[in-house]
Amino acid sequence: MPIKLGVLVSGRGTNLQSIIDKSVSSLIAAEVAIVISDKPNAYALTRAREAGVPAMYIDPRTDKPILTGEAEDDYIRFLKDCHVNLVCLAGFMRILKGKFIREFKWKIMNIHPALLPSFRGLSAQKQALDRGVRFSGATVHFVTENVDKGPIILQAVVPVYQDDTEESLSKRILLEEHRIYAEAIDLFAKGQLEVRDNRVIIGGGNG
Ligand code: GRF
């Protein structure tokens with residue numbers, strides 16, 4: 001039985017699309033049960049609906065970048081109602097705090113377009129270019145209250161070229177994001193991920 005995913009989005013949704021495609025082709029042991037966006041016009045919602053996946057906008061009811069209050073309760077309730085086993089952040093531009101994190105402890109993943117712990121936060125690809133690193137990449141990690149600091153599940157490295165633009169580097173990283181996010185979800189679905197002392201042990205589960 002595939003596990004059920006709840007995917008939170010804010011934007012164009014290429015990671016969501018990759019997850020849906022791999023799920024439909026049974027390349028991962030997971031299916032997308034619900035997509036929730038904090039932006040009513042996110043293209044990710046259109047992608048979900050076109051794939052026949054339930055998708056909804058839930059108003060975050062705040063200008064702050066944090067999901068909190070009644071909106072936080074609503075997100076939790078809808079995810080629980082859909083019996084979601086894993087919450088995947090896929091370009092979701094809100095910070096998750098205490099209650100949400102506790103409800104889904106070690107059951108929330110995020111994809112970040114850099115090799116954490118380098119270049120946390122926004123515009124990670126631009127940060128990498130500005131710093132002149134020769135390699136960057138993508139990281140899938142569990143989400144904790146400390147933004148982009150949760151235990152690392154998988155990483156992929158890409159070269160950074162001297163004539164790279166933010167766009168060209170982002171494109172190279174995105175291909176790796178799609179690959180390792182699916183892989184991390186599949187490992188989780190098969191019970192292969194265990195968090196010990198803030199580190200992820202792969203193959204340490206009961207799957
Ligand atoms: C990706 O680069 C992801 O790493 C970051 O937000 C972006 C979302 O892209 N967290 P998309 O909406 O999945 O295309």
# chains A, B, ... in the order shown; residues from 1 in each chain; ligands from 1

$ closest_atom_pairs --of "chain A" --to "ligand 1" --cutoff "10 Å" --atoms "only C-alpha atoms and all ligand atoms" --output "Markdown table"
| residue | atom | partner | partner_atom_place_in_ligand_line | distance |
| --- | --- | --- | --- | --- |
| A:Leu8 | CA | ligand 1 | 12 (O) | 9.9 |
| A:Val9 | CA | ligand 1 | 12 (O) | 6.8 |
| A:Ser10 | CA | ligand 1 | 12 (O) | 6.9 |
| A:Gly11 | CA | ligand 1 | 12 (O) | 4.7 |
| A:Arg12 | CA | ligand 1 | 12 (O) | 4.2 |
| A:Gly13 | CA | ligand 1 | 12 (O) | 3.5 |
| A:Thr14 | CA | ligand 1 | 14 (O) | 3.5 |
| A:Asn15 | CA | ligand 1 | 13 (O) | 3.6 |
| A:Leu16 | CA | ligand 1 | 13 (O) | 5.9 |
| A:Gln17 | CA | ligand 1 | 13 (O) | 7.7 |
| A:Ser18 | CA | ligand 1 | 13 (O) | 8.5 |
| A:Ile19 | CA | ligand 1 | 13 (O) | 9.7 |
| A:Ala42 | CA | ligand 1 | 12 (O) | 8.8 |
| A:Tyr43 | CA | ligand 1 | 12 (O) | 8.4 |
| A:Ala44 | CA | ligand 1 | 12 (O) | 6.9 |
| A:Leu89 | CA | ligand 1 | 10 (N) | 7.4 |
| A:Ala90 | CA | ligand 1 | 13 (O) | 5.1 |
| A:Gly91 | CA | ligand 1 | 6 (O) | 3.6 |
| A:Phe92 | CA | ligand 1 | 10 (N) | 6.7 |
| A:Met93 | CA | ligand 1 | 10 (N) | 7.8 |
| A:Asn110 | CA | ligand 1 | 10 (N) | 6.9 |
| A:Ile111 | CA | ligand 1 | 4 (O) | 4.8 |
| A:His112 | CA | ligand 1 | 4 (O) | 4.0 |
| A:Pro113 | CA | ligand 1 | 4 (O) | 4.2 |
| A:Ala114 | CA | ligand 1 | 4 (O) | 7.8 |
| A:Gly121 | CA | ligand 1 | 10 (N) | 9.1 |
| A:Leu122 | CA | ligand 1 | 10 (N) | 8.5 |
| A:Ser123 | CA | ligand 1 | 2 (O) | 8.9 |
| A:Ala124 | CA | ligand 1 | 2 (O) | 8.6 |
| A:Gln125 | CA | ligand 1 | 2 (O) | 8.6 |
| A:Gly137 | CA | ligand 1 | 4 (O) | 9.7 |
| A:Ala138 | CA | ligand 1 | 4 (O) | 7.0 |
| A:Thr139 | CA | ligand 1 | 4 (O) | 8.1 |
| A:Val140 | CA | ligand 1 | 4 (O) | 8.7 |
| A:Asp148 | CA | ligand 1 | 10 (N) | 9.8 |
| A:Ser170 | CA | ligand 1 | 2 (O) | 7.0 |
| A:Lys171 | CA | ligand 1 | 2 (O) | 8.8 |
| A:Ile173 | CA | ligand 1 | 2 (O) | 7.7 |
| A:Leu174 | CA | ligand 1 | 2 (O) | 6.1 |
| A:Leu175 | CA | ligand 1 | 2 (O) | 9.7 |
| A:Glu176 | CA | ligand 1 | 4 (O) | 9.7 |
| A:Glu177 | CA | ligand 1 | 4 (O) | 6.5 |
| A:His178 | CA | ligand 1 | 13 (O) | 8.2 |
| A:Tyr181 | CA | ligand 1 | 4 (O) | 9.6 |

$ write_last_selection --atoms "N, CA and C atoms" --output "short mmCIF file (atom, residue, chain, number, x, y, z; two decimals), in the first residue's frame"
data_model
loop_
_atom_site.label_atom_id
_atom_site.label_comp_id
_atom_site.auth_asym_id
_atom_site.auth_seq_id
_atom_site.Cartn_x
_atom_site.Cartn_y
_atom_site.Cartn_z
N LEU A 8 2.56 20.66 0.39
CA LEU A 8 2.29 22.08 0.58
C LEU A 8 3.10 22.88 -0.43
N VAL A 9 2.44 23.79 -1.11
CA VAL A 9 3.07 24.54 -2.20
C VAL A 9 2.72 26.02 -2.12
N SER A 10 3.52 26.82 -2.84
CA SER A 10 3.19 28.24 -2.98
C SER A 10 3.35 28.72 -4.42
N GLY A 11 4.01 27.92 -5.26
CA GLY A 11 4.39 28.48 -6.56
C GLY A 11 4.14 27.57 -7.74
N ARG A 12 5.17 27.47 -8.60
CA ARG A 12 4.99 26.82 -9.92
C ARG A 12 4.84 25.31 -9.82
N GLY A 13 5.40 24.66 -8.81
CA GLY A 13 5.10 23.26 -8.57
C GLY A 13 5.81 22.22 -9.42
N THR A 14 7.06 22.47 -9.81
CA THR A 14 7.74 21.41 -10.58
C THR A 14 8.09 20.22 -9.70
N ASN A 15 8.43 20.46 -8.43
CA ASN A 15 8.68 19.33 -7.53
C ASN A 15 7.40 18.52 -7.32
N LEU A 16 6.29 19.22 -7.15
CA LEU A 16 5.00 18.52 -7.01
C LEU A 16 4.75 17.65 -8.25
N GLN A 17 4.96 18.24 -9.43
CA GLN A 17 4.71 17.51 -10.68
C GLN A 17 5.56 16.24 -10.75
N SER A 18 6.81 16.38 -10.36
CA SER A 18 7.71 15.23 -10.39
C SER A 18 7.23 14.13 -9.43
N ILE A 19 6.77 14.56 -8.25
CA ILE A 19 6.26 13.57 -7.27
C ILE A 19 5.01 12.89 -7.81
N ALA A 42 -1.45 29.84 -7.23
CA ALA A 42 -0.24 29.04 -7.46
C ALA A 42 -0.47 28.07 -8.62
N TYR A 43 0.47 28.03 -9.55
CA TYR A 43 0.31 27.13 -10.69
C TYR A 43 0.33 25.66 -10.24
N ALA A 44 0.93 25.42 -9.09
CA ALA A 44 0.96 24.06 -8.54
C ALA A 44 -0.47 23.53 -8.35
N LEU A 89 7.03 19.60 1.85
CA LEU A 89 7.05 21.00 1.46
C LEU A 89 7.73 21.07 0.10
N ALA A 90 7.04 21.68 -0.85
CA ALA A 90 7.58 21.75 -2.20
C ALA A 90 7.44 23.19 -2.69
N GLY A 91 8.38 24.01 -2.26
CA GLY A 91 8.30 25.43 -2.60
C GLY A 91 7.24 26.14 -1.78
N PHE A 92 7.00 25.66 -0.56
CA PHE A 92 6.01 26.29 0.34
C PHE A 92 6.73 27.41 1.09
N MET A 93 6.22 28.63 0.94
CA MET A 93 6.97 29.80 1.41
C MET A 93 6.57 30.27 2.81
N ASN A 110 11.45 18.71 3.51
CA ASN A 110 11.58 19.90 2.66
C ASN A 110 12.71 19.66 1.67
N ILE A 111 12.62 20.35 0.54
CA ILE A 111 13.71 20.33 -0.43
C ILE A 111 14.29 21.73 -0.49
N HIS A 112 15.63 21.80 -0.43
CA HIS A 112 16.29 23.11 -0.43
C HIS A 112 17.33 23.15 -1.56
N PRO A 113 17.39 24.25 -2.32
CA PRO A 113 18.28 24.28 -3.50
C PRO A 113 19.71 24.68 -3.18
N ALA A 114 20.33 24.03 -2.20
CA ALA A 114 21.75 24.24 -1.87
C ALA A 114 22.19 23.06 -1.02
N GLY A 121 17.86 29.62 3.79
CA GLY A 121 16.96 30.75 3.53
C GLY A 121 16.69 30.96 2.05
N LEU A 122 16.32 32.18 1.72
CA LEU A 122 15.86 32.49 0.36
C LEU A 122 17.04 32.67 -0.61
N SER A 123 16.72 32.54 -1.90
CA SER A 123 17.69 32.78 -2.99
C SER A 123 19.00 32.02 -2.77
N ALA A 124 18.89 30.75 -2.45
CA ALA A 124 20.08 29.95 -2.15
C ALA A 124 21.02 29.86 -3.35
N GLN A 125 20.44 29.81 -4.56
CA GLN A 125 21.30 29.71 -5.74
C GLN A 125 22.10 30.99 -5.93
N GLY A 137 24.21 22.40 -4.90
CA GLY A 137 23.39 21.21 -5.05
C GLY A 137 22.03 21.34 -4.40
N ALA A 138 21.53 20.22 -3.96
CA ALA A 138 20.19 20.18 -3.37
C ALA A 138 20.23 19.30 -2.13
N THR A 139 19.34 19.61 -1.19
CA THR A 139 19.26 18.85 0.07
C THR A 139 17.80 18.54 0.39
N VAL A 140 17.52 17.30 0.72
CA VAL A 140 16.22 16.95 1.31
C VAL A 140 16.46 16.73 2.80
N ASP A 148 15.57 25.28 7.78
CA ASP A 148 16.64 24.68 6.98
C ASP A 148 17.76 24.05 7.83
N SER A 170 20.06 27.32 -11.22
CA SER A 170 18.79 26.82 -10.64
C SER A 170 18.27 25.63 -11.44
N LYS A 171 18.40 25.74 -12.76
CA LYS A 171 17.91 24.67 -13.63
C LYS A 171 18.68 23.36 -13.38
N ILE A 173 20.29 22.54 -10.66
CA ILE A 173 19.96 22.04 -9.32
C ILE A 173 18.57 21.39 -9.31
N LEU A 174 17.64 22.00 -10.05
CA LEU A 174 16.25 21.52 -10.03
C LEU A 174 16.14 20.06 -10.48
N LEU A 175 16.93 19.70 -11.48
CA LEU A 175 16.90 18.30 -11.95
C LEU A 175 17.26 17.35 -10.82
N GLU A 176 18.25 17.76 -10.02
CA GLU A 176 18.66 16.93 -8.88
C GLU A 176 17.61 16.95 -7.77
N GLU A 177 16.98 18.11 -7.57
CA GLU A 177 15.90 18.20 -6.57
C GLU A 177 14.85 17.14 -6.86
N HIS A 178 14.42 17.10 -8.12
CA HIS A 178 13.34 16.18 -8.48
C HIS A 178 13.76 14.73 -8.21
N TYR A 181 14.29 14.16 -4.16
CA TYR A 181 13.06 14.28 -3.35
C TYR A 181 12.26 12.98 -3.47
#

$ residues_around --residues "Glu70 (chain A)" --least-positions-apart "3" --cutoff "9 Å" --atoms "only C-alpha atoms" --output "list in words"
Pro60, Arg61, Asp73, Asp74 and Tyr75 of chain A

$ select_by_dssp --residues "region 62-162 of chain A" --states "strand (DSSP E or B)" --output "list in words"
Ile66, Leu67, Leu86, Val87, Cys88, Leu89, Ile95, Leu96, Ile108, Met109, Asn110, Ile111, His112, Phe135, Ser136, Gly137, Ala138, Thr139, Val140, His141, Phe142, Ile152, Ile153, Leu154, Gln155, Ala156, Val157, Val158 and Pro159 of chain A

$ write_last_selection --atoms "C-alpha atoms" --output "compact mmCIF listing (two decimals), in the first residue's frame"
# COMPACT_ATOMS: atom_id res chain seq x y z
CA ILE A 66 4.79 32.01 9.57
CA LEU A 67 1.86 29.59 9.51
CA LEU A 86 4.12 12.42 5.25
CA VAL A 87 3.95 16.16 4.63
CA CYS A 88 6.17 17.33 1.77
CA LEU A 89 7.05 21.00 1.46
CA ILE A 95 7.69 28.79 8.16
CA LEU A 96 6.19 25.96 10.20
CA ILE A 108 7.68 16.64 7.35
CA MET A 109 10.27 16.91 4.57
CA ASN A 110 11.58 19.90 2.66
CA ILE A 111 13.71 20.33 -0.43
CA HIS A 112 16.29 23.11 -0.43
CA PHE A 135 29.90 23.12 -6.24
CA SER A 136 26.39 23.50 -4.96
CA GLY A 137 23.39 21.21 -5.05
CA ALA A 138 20.19 20.18 -3.37
CA THR A 139 19.26 18.85 0.07
CA VAL A 140 16.22 16.95 1.31
CA HIS A 141 15.83 17.24 5.07
CA PHE A 142 13.33 16.71 7.83
CA ILE A 152 19.64 15.86 6.36
CA ILE A 153 18.21 12.91 4.45
CA LEU A 154 19.80 13.10 0.97
CA GLN A 155 21.99 15.52 -0.94
CA ALA A 156 23.10 15.86 -4.54
CA VAL A 157 26.04 17.88 -5.83
CA VAL A 158 26.18 19.93 -9.04
CA PRO A 159 29.10 21.95 -10.43

$ closest_residue --among "A:Ser118, A:Ala48, A:Asn85, A:Lys64" --to "Lys190 (chain A)" --atoms "only C-alpha atoms"
A:Asn85

$ residues_around --residues "region 104-107 of chain A" --least-positions-apart "3" --cutoff "10 Å" --atoms "only C-alpha atoms" --output "list of chain:residue names"
A:Leu5, A:Ile76, A:Leu79, A:Lys80, A:Val84, A:Asn85, A:Leu86, A:Val87, A:Cys88, A:Lys99, A:Phe100, A:Ile101, A:His141, A:Phe142, A:Val143, A:Thr144, A:Gly150, A:Pro151, A:Phe188, A:Leu193, A:Glu194, A:Val195

$ write_last_selection --atoms "N, CA and C atoms" --output "CSV table (one decimal), in the first residue's frame"
chain,number,residue,atom,x,y,z
A,5,LEU,N,0.7,11.2,0.8
A,5,LEU,CA,1.4,12.4,1.0
A,5,LEU,C,0.5,13.6,1.0
A,76,ILE,N,-3.5,21.6,9.6
A,76,ILE,CA,-3.3,20.4,10.3
A,76,ILE,C,-4.6,19.5,10.1
A,79,LEU,N,-5.0,18.0,6.6
A,79,LEU,CA,-3.9,16.9,6.4
A,79,LEU,C,-4.3,15.6,7.1
A,80,LYS,N,-4.8,15.8,8.4
A,80,LYS,CA,-5.2,14.7,9.2
A,80,LYS,C,-6.4,14.0,8.6
A,84,VAL,N,-2.9,11.7,6.0
A,84,VAL,CA,-1.5,11.9,5.4
A,84,VAL,C,-0.5,11.3,6.3
A,85,ASN,N,0.4,10.5,5.7
A,85,ASN,CA,1.6,9.9,6.5
A,85,ASN,C,2.8,10.7,6.5
A,86,LEU,N,2.9,11.6,5.4
A,86,LEU,CA,4.1,12.4,5.3
A,86,LEU,C,3.7,13.7,4.6
A,87,VAL,N,4.2,14.8,5.2
A,87,VAL,CA,4.0,16.2,4.6
A,87,VAL,C,5.2,16.6,3.9
A,88,CYS,N,5.0,16.9,2.6
A,88,CYS,CA,6.2,17.3,1.8
A,88,CYS,C,6.0,18.8,1.4
A,99,LYS,N,3.2,23.9,16.9
A,99,LYS,CA,2.1,23.0,16.8
A,99,LYS,C,2.2,22.0,15.6
A,100,PHE,N,2.4,22.7,14.5
A,100,PHE,CA,2.4,21.9,13.2
A,100,PHE,C,3.6,20.8,13.3
A,101,ILE,N,4.7,21.3,13.7
A,101,ILE,CA,5.9,20.4,13.8
A,101,ILE,C,5.6,19.2,14.8
A,141,HIS,N,15.6,17.4,3.6
A,141,HIS,CA,15.8,17.2,5.1
A,141,HIS,C,14.5,17.2,5.8
A,142,PHE,N,14.5,16.6,7.0
A,142,PHE,CA,13.3,16.7,7.8
A,142,PHE,C,13.2,18.1,8.4
A,143,VAL,N,12.0,18.5,8.6
A,143,VAL,CA,11.7,19.9,9.0
A,143,VAL,C,11.6,20.0,10.5
A,144,THR,N,12.3,20.9,11.1
A,144,THR,CA,12.2,21.2,12.5
A,144,THR,C,11.9,22.7,12.7
A,150,GLY,N,17.0,21.1,9.9
A,150,GLY,CA,16.6,19.8,10.3
A,150,GLY,C,17.6,18.7,9.8
A,151,PRO,N,17.5,17.5,10.3
A,151,PRO,CA,18.4,16.4,9.9
A,151,PRO,C,18.3,16.2,8.4
A,188,PHE,N,11.4,6.9,2.9
A,188,PHE,CA,10.5,7.1,4.1
A,188,PHE,C,9.3,6.0,4.0
A,193,LEU,N,14.0,5.3,7.0
A,193,LEU,CA,14.6,6.5,7.6
A,193,LEU,C,14.4,6.5,9.1
A,194,GLU,N,15.5,6.7,9.8
A,194,GLU,CA,15.3,6.8,11.2
A,194,GLU,C,16.2,8.0,11.7
A,195,VAL,N,15.6,8.8,12.6
A,195,VAL,CA,16.4,9.9,13.1
A,195,VAL,C,17.0,9.6,14.5

$ atom_distance --atom1 "CA of Gly203 (chain A)" --atom2 "CA of Glu183 (chain A)"
13.0 Å

$ select_by_dssp --residues "region 24-200 of chain A" --states "alpha helix (DSSP H)" --output "count of residues only"
60

$ residues_around --residues "Tyr161 (chain A)" --least-positions-apart "3" --cutoff "10 Å" --atoms "only C-alpha atoms" --output "list in words"
Leu129, Gly132, Val133, Arg134, Phe135, Val158, Asp164, Thr165, Ser168 and Leu169 of chain A

$ atom_distance --atom1 "CA of Ile201 (chain A)" --atom2 "CA of Pro117 (chain A)"
17.9 Å

$ closest_residue --among "A:Ile58, A:Ala182, A:Val7, A:Met1" --to "Ala33 (chain A)" --atoms "only C-alpha atoms"
A:Val7

$ closest_residue --among "A:Asp130, A:Glu72, A:Pro65, A:His83" --to "Gly98 (chain A)" --atoms "only C-alpha atoms"
A:Glu72

$ atom_distance --atom1 "CA of Glu145 (chain A)" --atom2 "CA of Ile34 (chain A)"
23.1 Å

$ closest_residue --among "A:Ala29, A:Asp197, A:Met56, A:Arg172" --to "Asn41 (chain A)" --atoms "only C-alpha atoms"
A:Met56
